[in-house]
Amino acid sequence: MPGREEGRRNLSEAAPRRVITAVAMSGILVMVFILLFLMKEGMPILRDASITELAAGRLWYPVSSPPLFGMMPLIAGSMAVTLVSSVLAIPFGVALALFLTEICPKRISGFFKITLEILGFLPSVVLGFIGMTVIAPYLQVRLELLSGLNLMNASMLLGVMILPTVATLSEESLHAVPQSQRDASYALGATRCETMFKVVLPGASRGIAQAAILGVMRSLGETMVVLMASGGAALLPESVFDPVRPLTSAVAAEMGETSVGSGHYHALFFMGCILLLFTLVLNVLVIKIESRREAN
Amino acid sequence: MRKSRAAALCFAVLAAAFFSGAAWAAEELSINGSTTILPFAQSTAEAFMKISPGTRVSVSGGGSGNGAKALIDGVTSIAAMSREMKAEEITAAKEKGRNPVQHIVAVDCIVPIVHPSNPVSDLTADQLRDIYSGKITNWKEVGGPDKSIAVIGRDTSSGTYEVWNEKIMEGTPVTPRALISASSGALVQSVAGNTLSIGYDSLGYVNEKIVKALTIEGVKGTPDVARSGTIITSRKLFMYTDGNPTGEVKKYLDFLVSDDGQKYVAREGFVTLK
């Protein structure tokens, strides 16, 4: 009875498919709900301040009267920590991945990978604490700074935090480059160094770019580390040793005590919208890279 | 056979536990609000549960603003606040048909602190204001070494900041160069780790082993001074209820202001009412 067999198979296939669809849809629904909530709570700030005042204002005094909602120093702070930490961590991460796949003996690379994973599990509050009690006093005394809690301190910690993400994902895409390409390169008389930089690395470049963007996103969204180690002054940073106040730490520090429904409250939700916009742009970038890979 | 009997017994025990649990939950009391008050709210809640078995007290921090919001929304029985309720919050409460009643539960004062190696030991209120507004930027201007001052403050939304802003700054804006600590504990840590720094914190958090407390115009921050209000930075800590408290809420608040309850306040480093 082939018909009945088929019917049963259809049923046994349809049930899991429906369950999975339902679960996936609920995920999307939650996302949409969060988005609407952010907009609903964030947009009313536009009644108190224009978009140019928000984006180009240099003074963040949300509870003075009249309140000043200049978010430029905070946006600059977020961008600065993200940029400096990425510059510190991404080259290291890619180099580490290259070392693990191409140079390191198999036995030792296993040990390295486990160490990297453990580094990835490190809670960010622990990193922040190290930044506050170890790195900050050291930086302050050694470099004779006003304070060791600054852009550099937070960026170094964020760099350590995103290094495992970048290294592990890059390593995976380097690994995916077929051995036959390496063999072909050697067969043409290329040295190991040439093979690494001219064959393997370009072959994995899209995967590495994705790894880097994921690292950047993590760095942008991280809260605890910057809250504890960046100094928290709402300044436009002029050097890497200036204190900064990224958007995430402003939201985390100020949300608790602000009175609900005030301009300050809406301004903090608006910052959430800005952060969401940033991650959205980065996500679109990842999707673009992905689709180009598929097209090839 | 035996197995099923054991299972039935298990079920009976669980059911009994569940129903007695449900009966317990009937007398539930929740406190929500200021992180400054959290330490002694927690220890008095534990002590209260011991003397009044059958009542469950749950304590959560999240800030004075959150406490007020919870009381307005009717999801907490007590809002703990390190500042007075603002006019807009009271209006919001009235709109929802709630009537916030204030209870003073402890006293506190805010003390300026510096690194232990700093020779400066006294500042006037004017000097403190000028340091925080960015007018004075070098320690030599207030009798210290020729070094820049690292000003450390608190978030504009913390209760400690609001008291400092009102009593010392008198509305003058804090310099944007000031470093900001997210919590009372973090501020003490930052000052202890920076020889050039100045900060301010609630008396309960000032640990004189790692930081040096300054006097303000010769007045040292002590419990007596805070209670009498002689020091300019003294403040009161509050709990708010919706209407006059009754039942378990009243019992808890009575316990908190009694001599027994105030012992816990003192143990956490705050100043008792008497």
# chains A, B, ... in the order shown; residues from 1 in each chain; ligands from 1
>>> closest_atom_pairs(of="chain B", to="chain A", cutoff="10 Å", atoms="only C-alpha atoms", output="JSON lines")
{"residue": "B:Gly33", "atom": "CA", "partner": "A:Glu257", "partner_atom": "CA", "distance": 8.8}
{"residue": "B:Ser34", "atom": "CA", "partner": "A:Glu257", "partner_atom": "CA", "distance": 8.0}
{"residue": "B:Thr35", "atom": "CA", "partner": "A:Gly256", "partner_atom": "CA", "distance": 9.4}
{"residue": "B:Gly61", "atom": "CA", "partner": "A:Gly256", "partner_atom": "CA", "distance": 9.0}
{"residue": "B:Gly62", "atom": "CA", "partner": "A:Gly256", "partner_atom": "CA", "distance": 5.4}
{"residue": "B:Gly63", "atom": "CA", "partner": "A:Glu257", "partner_atom": "CA", "distance": 4.7}
{"residue": "B:Ser64", "atom": "CA", "partner": "A:Glu257", "partner_atom": "CA", "distance": 5.3}
{"residue": "B:Gly65", "atom": "CA", "partner": "A:Glu257", "partner_atom": "CA", "distance": 4.2}
{"residue": "B:Asn66", "atom": "CA", "partner": "A:Gly256", "partner_atom": "CA", "distance": 6.0}
{"residue": "B:Gly67", "atom": "CA", "partner": "A:Glu257", "partner_atom": "CA", "distance": 8.6}
{"residue": "B:Ala68", "atom": "CA", "partner": "A:Ser259", "partner_atom": "CA", "distance": 8.0}
{"residue": "B:Lys69", "atom": "CA", "partner": "A:Val260", "partner_atom": "CA", "distance": 6.7}
{"residue": "B:Met81", "atom": "CA", "partner": "A:Glu257", "partner_atom": "CA", "distance": 9.7}
{"residue": "B:Met85", "atom": "CA", "partner": "A:Ser259", "partner_atom": "CA", "distance": 9.7}
{"residue": "B:Lys86", "atom": "CA", "partner": "A:Ser259", "partner_atom": "CA", "distance": 8.5}
{"residue": "B:Glu88", "atom": "CA", "partner": "A:Ser259", "partner_atom": "CA", "distance": 8.4}
{"residue": "B:Glu89", "atom": "CA", "partner": "A:Ser259", "partner_atom": "CA", "distance": 7.2}
{"residue": "B:Ala92", "atom": "CA", "partner": "A:Val260", "partner_atom": "CA", "distance": 9.5}
{"residue": "B:Lys147", "atom": "CA", "partner": "A:Leu146", "partner_atom": "CA", "distance": 9.1}
{"residue": "B:Ser148", "atom": "CA", "partner": "A:Leu146", "partner_atom": "CA", "distance": 6.9}
{"residue": "B:Ile149", "atom": "CA", "partner": "A:Leu146", "partner_atom": "CA", "distance": 7.3}
{"residue": "B:Ala150", "atom": "CA", "partner": "A:Leu146", "partner_atom": "CA", "distance": 5.6}
{"residue": "B:Val151", "atom": "CA", "partner": "A:Leu146", "partner_atom": "CA", "distance": 9.0}
{"residue": "B:Ile152", "atom": "CA", "partner": "A:Gly231", "partner_atom": "CA", "distance": 8.7}
{"residue": "B:Gly153", "atom": "CA", "partner": "A:Ala233", "partner_atom": "CA", "distance": 9.2}
{"residue": "B:Arg154", "atom": "CA", "partner": "A:Gly232", "partner_atom": "CA", "distance": 9.3}
{"residue": "B:Asp155", "atom": "CA", "partner": "A:Glu254", "partner_atom": "CA", "distance": 6.5}
{"residue": "B:Thr156", "atom": "CA", "partner": "A:Val63", "partner_atom": "CA", "distance": 6.6}
{"residue": "B:Ser157", "atom": "CA", "partner": "A:Glu257", "partner_atom": "CA", "distance": 5.1}
{"residue": "B:Ser158", "atom": "CA", "partner": "A:Glu257", "partner_atom": "CA", "distance": 5.9}
{"residue": "B:Gly159", "atom": "CA", "partner": "A:Glu257", "partner_atom": "CA", "distance": 7.5}
{"residue": "B:Glu162", "atom": "CA", "partner": "A:Val63", "partner_atom": "CA", "distance": 9.5}
{"residue": "B:Asn165", "atom": "CA", "partner": "A:Ser64", "partner_atom": "CA", "distance": 9.7}
{"residue": "B:Gly171", "atom": "CA", "partner": "A:Ser64", "partner_atom": "CA", "distance": 7.7}
{"residue": "B:Thr172", "atom": "CA", "partner": "A:Ser64", "partner_atom": "CA", "distance": 9.1}
{"residue": "B:Pro173", "atom": "CA", "partner": "A:Ser64", "partner_atom": "CA", "distance": 7.6}
{"residue": "B:Val174", "atom": "CA", "partner": "A:Tyr61", "partner_atom": "CA", "distance": 8.9}
{"residue": "B:Thr175", "atom": "CA", "partner": "A:Ala233", "partner_atom": "CA", "distance": 9.1}
{"residue": "B:Pro176", "atom": "CA", "partner": "A:Ala234", "partner_atom": "CA", "distance": 5.9}
{"residue": "B:Arg177", "atom": "CA", "partner": "A:Ala233", "partner_atom": "CA", "distance": 5.8}
{"residue": "B:Ala178", "atom": "CA", "partner": "A:Ala233", "partner_atom": "CA", "distance": 5.6}
{"residue": "B:Leu179", "atom": "CA", "partner": "A:Ala233", "partner_atom": "CA", "distance": 4.7}
{"residue": "B:Ile180", "atom": "CA", "partner": "A:Gly232", "partner_atom": "CA", "distance": 4.5}
{"residue": "B:Ser181", "atom": "CA", "partner": "A:Gly232", "partner_atom": "CA", "distance": 6.7}
{"residue": "B:Ala182", "atom": "CA", "partner": "A:Ala253", "partner_atom": "CA", "distance": 5.5}
{"residue": "B:Ser183", "atom": "CA", "partner": "A:Ala253", "partner_atom": "CA", "distance": 8.2}
{"residue": "B:Ala186", "atom": "CA", "partner": "A:Met228", "partner_atom": "CA", "distance": 7.7}
{"residue": "B:Leu187", "atom": "CA", "partner": "A:Met228", "partner_atom": "CA", "distance": 10.0}
{"residue": "B:Gln189", "atom": "CA", "partner": "A:Thr133", "partner_atom": "CA", "distance": 7.2}
{"residue": "B:Ser190", "atom": "CA", "partner": "A:Met132", "partner_atom": "CA", "distance": 7.0}
{"residue": "B:Val191", "atom": "CA", "partner": "A:Ser147", "partner_atom": "CA", "distance": 9.8}
{"residue": "B:Ala192", "atom": "CA", "partner": "A:Pro137", "partner_atom": "CA", "distance": 9.0}
{"residue": "B:Gly193", "atom": "CA", "partner": "A:Pro137", "partner_atom": "CA", "distance": 5.2}
{"residue": "B:Asn194", "atom": "CA", "partner": "A:Pro137", "partner_atom": "CA", "distance": 6.0}
{"residue": "B:Thr195", "atom": "CA", "partner": "A:Val141", "partner_atom": "CA", "distance": 8.4}
{"residue": "B:Leu196", "atom": "CA", "partner": "A:Leu146", "partner_atom": "CA", "distance": 6.9}
{"residue": "B:Ser197", "atom": "CA", "partner": "A:Ser147", "partner_atom": "CA", "distance": 7.9}
>>> residues_around(residues="Gln210 (chain A)", least_positions_apart="4", cutoff="10 Å", atoms="only C-alpha atoms", output="list in words")
Val166, Leu169, Ser170, Ser173, Ser205, Arg206, Leu214, Gly215, Val216, Leu282, Asn283, Leu285, Val286, Ile287, Ile289 and Glu290 of chain A
>>> write_last_selection(atoms="C-alpha atoms", output="PDB file, in the first residue's frame")
ATOM      1  CA  VAL A 166      37.133  36.201  15.903  1.00  0.00           C
ATOM      2  CA  LEU A 169      35.245  31.612  13.509  1.00  0.00           C
ATOM      3  CA  SER A 170      38.226  32.553  11.321  1.00  0.00           C
ATOM      4  CA  SER A 173      36.661  29.214   7.607  1.00  0.00           C
ATOM      5  CA  SER A 205      38.437  35.989   3.296  1.00  0.00           C
ATOM      6  CA  ARG A 206      34.634  36.152   3.403  1.00  0.00           C
ATOM      7  CA  LEU A 214      30.575  39.450  14.615  1.00  0.00           C
ATOM      8  CA  GLY A 215      33.442  40.536  16.845  1.00  0.00           C
ATOM      9  CA  VAL A 216      32.647  44.191  16.162  1.00  0.00           C
ATOM     10  CA  LEU A 282      26.404  45.408  10.611  1.00  0.00           C
ATOM     11  CA  ASN A 283      23.947  42.540  10.152  1.00  0.00           C
ATOM     12  CA  LEU A 285      26.788  43.752   5.937  1.00  0.00           C
ATOM     13  CA  VAL A 286      27.085  40.125   7.049  1.00  0.00           C
ATOM     14  CA  ILE A 287      24.109  39.121   4.885  1.00  0.00           C
ATOM     15  CA  ILE A 289      28.903  39.029   2.342  1.00  0.00           C
ATOM     16  CA  GLU A 290      27.005  35.770   2.716  1.00  0.00           C
TER      17      GLU A 290
END
>>> closest_residue(among="B:Val114, B:Ile72, B:Leu128, B:Ile216", to="Val101 (chain B)", atoms="only C-alpha atoms")
B:Ile72
>>> select_by_dssp(residues="region 56-139 of chain B", states="alpha helix (DSSP H)", output="ChimeraX atom specification")
/B:64-73,87-95,125-133
>>> write_last_selection(atoms="C-alpha atoms", output="tab-separated table (two decimals), in the first residue's frame")
chain	number	residue	atom	x	y	z
B	64	SER	CA	14.84	54.55	43.72
B	65	GLY	CA	13.11	55.34	40.44
B	66	ASN	CA	12.23	51.70	39.89
B	67	GLY	CA	10.90	51.46	43.44
B	68	ALA	CA	8.64	54.44	42.85
B	69	LYS	CA	7.47	52.93	39.54
B	70	ALA	CA	6.70	49.61	41.22
B	71	LEU	CA	4.64	51.35	43.92
B	72	ILE	CA	2.77	53.39	41.30
B	73	ASP	CA	2.05	50.24	39.29
B	87	ALA	CA	6.39	65.78	42.40
B	88	GLU	CA	5.91	64.12	39.01
B	89	GLU	CA	6.05	60.67	40.60
B	90	ILE	CA	3.45	61.65	43.20
B	91	THR	CA	1.22	63.00	40.43
B	92	ALA	CA	1.59	59.76	38.49
B	93	ALA	CA	0.67	57.81	41.64
B	94	LYS	CA	-2.39	59.96	42.32
B	95	GLU	CA	-3.54	59.43	38.72
B	125	ALA	CA	31.81	73.31	50.49
B	126	ASP	CA	32.85	76.04	48.02
B	127	GLN	CA	36.10	74.26	47.21
B	128	LEU	CA	34.22	70.99	46.66
B	129	ARG	CA	31.81	72.74	44.33
B	130	ASP	CA	34.65	74.36	42.37
B	131	ILE	CA	36.46	71.02	42.05
B	132	TYR	CA	33.33	69.29	40.76
B	133	SER	CA	32.37	72.14	38.42
>>> closest_residue(among="B:Ile168, B:Lys209, B:Thr241, B:Pro112", to="Gly221 (chain B)", atoms="only C-alpha atoms")
B:Pro112
>>> closest_residue(among="A:Met79, A:Leu29, A:Leu158, A:Leu98", to="Val225 (chain A)", atoms="only C-alpha atoms")
A:Leu158
>>> select_by_dssp(residues="region 33-270 of chain A", states="strand (DSSP E or B)", output="list in words")
Trp60, Tyr61, Leu68, Phe69, Gly231 and Val244 of chain A
>>> write_last_selection(atoms="C-alpha atoms", output="PDB file, in the first residue's frame")
ATOM      1  CA  TRP A  60      24.734  65.185  28.220  1.00  0.00           C
ATOM      2  CA  TYR A  61      23.028  66.623  31.289  1.00  0.00           C
ATOM      3  CA  LEU A  68      20.417  68.681  27.778  1.00  0.00           C
ATOM      4  CA  PHE A  69      20.234  65.495  25.718  1.00  0.00           C
ATOM      5  CA  GLY A 231      35.659  55.920  33.109  1.00  0.00           C
ATOM      6  CA  VAL A 244      34.518  57.742  27.521  1.00  0.00           C
TER       7      VAL A 244
END
>>> closest_residue(among="B:Lys167, B:Thr137, B:Asp259, B:Ala266", to="Gly229 (chain B)", atoms="only C-alpha atoms")
B:Lys167
>>> atom_distance(atom1="CA of Pro245 (chain B)", atom2="CA of Leu29 (chain B)")
11.7 Å
>>> atom_distance(atom1="CA of Arg235 (chain B)", atom2="CA of Val59 (chain B)")
22.4 Å
>>> residues_around(residues="region 42-56 of chain A", least_positions_apart="6", cutoff="9 Å", atoms="only C-alpha atoms", output="JSON, numbers by chain")
{"A": [68, 69, 70, 71, 72, 73, 75, 262, 263, 264, 265, 266, 267, 268, 269, 270, 271, 272, 273]}
>>> write_last_selection(atoms="N, CA and C atoms", output="PDB file, in the first residue's frame")
ATOM      1  N   LEU A  68      19.715  68.671  29.065  1.00  0.00           N
ATOM      2  CA  LEU A  68      20.417  68.681  27.778  1.00  0.00           C
ATOM      3  C   LEU A  68      20.639  67.239  27.357  1.00  0.00           C
ATOM      4  N   PHE A  69      20.160  66.889  26.162  1.00  0.00           N
ATOM      5  CA  PHE A  69      20.234  65.495  25.718  1.00  0.00           C
ATOM      6  C   PHE A  69      21.219  65.290  24.565  1.00  0.00           C
ATOM      7  N   GLY A  70      22.384  65.971  24.604  1.00  0.00           N
ATOM      8  CA  GLY A  70      23.376  65.790  23.536  1.00  0.00           C
ATOM      9  C   GLY A  70      24.017  64.412  23.617  1.00  0.00           C
ATOM     10  N   MET A  71      23.751  63.567  22.621  1.00  0.00           N
ATOM     11  CA  MET A  71      24.249  62.191  22.685  1.00  0.00           C
ATOM     12  C   MET A  71      25.538  61.996  21.905  1.00  0.00           C
ATOM     13  N   MET A  72      26.044  63.059  21.286  1.00  0.00           N
ATOM     14  CA  MET A  72      27.230  62.896  20.455  1.00  0.00           C
ATOM     15  C   MET A  72      28.410  62.284  21.218  1.00  0.00           C
ATOM     16  N   PRO A  73      28.715  62.758  22.452  1.00  0.00           N
ATOM     17  CA  PRO A  73      29.846  62.138  23.148  1.00  0.00           C
ATOM     18  C   PRO A  73      29.613  60.647  23.416  1.00  0.00           C
ATOM     19  N   ILE A  75      27.673  58.544  21.576  1.00  0.00           N
ATOM     20  CA  ILE A  75      27.787  57.807  20.312  1.00  0.00           C
ATOM     21  C   ILE A  75      29.264  57.684  19.946  1.00  0.00           C
ATOM     22  N   SER A 262       9.820  60.318  32.015  1.00  0.00           N
ATOM     23  CA  SER A 262      10.496  61.609  31.869  1.00  0.00           C
ATOM     24  C   SER A 262      11.254  61.637  30.544  1.00  0.00           C
ATOM     25  N   GLY A 263      11.754  62.823  30.181  1.00  0.00           N
ATOM     26  CA  GLY A 263      12.534  62.937  28.955  1.00  0.00           C
ATOM     27  C   GLY A 263      13.762  62.047  29.002  1.00  0.00           C
ATOM     28  N   HIS A 264      14.383  61.991  30.175  1.00  0.00           N
ATOM     29  CA  HIS A 264      15.578  61.178  30.360  1.00  0.00           C
ATOM     30  C   HIS A 264      15.295  59.707  30.042  1.00  0.00           C
ATOM     31  N   TYR A 265      14.162  59.228  30.548  1.00  0.00           N
ATOM     32  CA  TYR A 265      13.741  57.831  30.326  1.00  0.00           C
ATOM     33  C   TYR A 265      13.601  57.550  28.833  1.00  0.00           C
ATOM     34  N   HIS A 266      12.916  58.449  28.113  1.00  0.00           N
ATOM     35  CA  HIS A 266      12.731  58.255  26.675  1.00  0.00           C
ATOM     36  C   HIS A 266      14.071  58.354  25.944  1.00  0.00           C
ATOM     37  N   ALA A 267      14.949  59.261  26.431  1.00  0.00           N
ATOM     38  CA  ALA A 267      16.258  59.420  25.793  1.00  0.00           C
ATOM     39  C   ALA A 267      17.050  58.111  25.884  1.00  0.00           C
ATOM     40  N   LEU A 268      16.951  57.427  27.027  1.00  0.00           N
ATOM     41  CA  LEU A 268      17.692  56.173  27.197  1.00  0.00           C
ATOM     42  C   LEU A 268      17.161  55.106  26.241  1.00  0.00           C
ATOM     43  N   PHE A 269      15.840  55.071  26.061  1.00  0.00           N
ATOM     44  CA  PHE A 269      15.296  54.113  25.096  1.00  0.00           C
ATOM     45  C   PHE A 269      15.702  54.480  23.673  1.00  0.00           C
ATOM     46  N   PHE A 270      15.800  55.794  23.430  1.00  0.00           N
ATOM     47  CA  PHE A 270      16.231  56.233  22.102  1.00  0.00           C
ATOM     48  C   PHE A 270      17.647  55.719  21.821  1.00  0.00           C
ATOM     49  N   MET A 271      18.495  55.720  22.868  1.00  0.00           N
ATOM     50  CA  MET A 271      19.841  55.170  22.707  1.00  0.00           C
ATOM     51  C   MET A 271      19.777  53.703  22.308  1.00  0.00           C
ATOM     52  N   GLY A 272      18.810  52.990  22.890  1.00  0.00           N
ATOM     53  CA  GLY A 272      18.600  51.596  22.499  1.00  0.00           C
ATOM     54  C   GLY A 272      18.310  51.500  21.010  1.00  0.00           C
ATOM     55  N   CYS A 273      17.470  52.435  20.502  1.00  0.00           N
ATOM     56  CA  CYS A 273      17.159  52.444  19.069  1.00  0.00           C
ATOM     57  C   CYS A 273      18.429  52.664  18.249  1.00  0.00           C
TER      58      CYS A 273
END
>>> residues_around(residues="Phe197 (chain A)", least_positions_apart="6", cutoff="12 Å", atoms="only C-alpha atoms", output="list of chain:residue names")
A:Val94, A:Ala95, A:Leu98, A:Phe99, A:Glu102, A:Leu174, A:Arg182, A:Ser185, A:Ala190, A:Thr191, A:Gly203, A:Ala204, A:Ser205
>>> write_last_selection(atoms="N, CA and C atoms", output="CSV table (one decimal), in the first residue's frame")
chain,number,residue,atom,x,y,z
A,94,VAL,N,42.9,36.9,13.7
A,94,VAL,CA,43.1,36.2,12.4
A,94,VAL,C,44.5,35.6,12.4
A,95,ALA,N,45.5,36.2,12.9
A,95,ALA,CA,46.8,35.7,13.0
A,95,ALA,C,46.8,34.4,13.8
A,98,LEU,N,45.2,31.6,11.7
A,98,LEU,CA,46.2,31.2,10.7
A,98,LEU,C,47.2,30.3,11.3
A,99,PHE,N,47.7,30.7,12.5
A,99,PHE,CA,48.7,29.9,13.2
A,99,PHE,C,48.1,28.5,13.5
A,102,GLU,N,47.5,26.5,10.0
A,102,GLU,CA,48.5,26.3,9.0
A,102,GLU,C,49.9,25.9,9.6
A,174,LEU,N,39.1,29.1,7.7
A,174,LEU,CA,40.4,28.7,7.1
A,174,LEU,C,40.5,27.2,6.9
A,182,ARG,N,45.7,23.8,-1.4
A,182,ARG,CA,47.1,24.0,-0.8
A,182,ARG,C,48.0,23.1,-1.7
A,185,SER,N,48.9,24.6,-4.9
A,185,SER,CA,49.8,25.7,-4.7
A,185,SER,C,51.3,25.2,-4.6
A,190,ALA,N,55.0,27.0,-5.0
A,190,ALA,CA,54.9,28.1,-4.0
A,190,ALA,C,55.5,27.6,-2.7
A,191,THR,N,56.0,28.6,-1.9
A,191,THR,CA,56.5,28.3,-0.6
A,191,THR,C,55.3,28.2,0.4
A,203,GLY,N,41.1,32.6,0.1
A,203,GLY,CA,40.0,31.6,0.0
A,203,GLY,C,39.1,31.7,1.1
A,204,ALA,N,39.6,32.1,2.3
A,204,ALA,CA,38.7,32.2,3.5
A,204,ALA,C,38.3,33.6,3.8
A,205,SER,N,38.6,34.6,2.9
A,205,SER,CA,38.4,36.0,3.3
A,205,SER,C,37.0,36.4,3.7
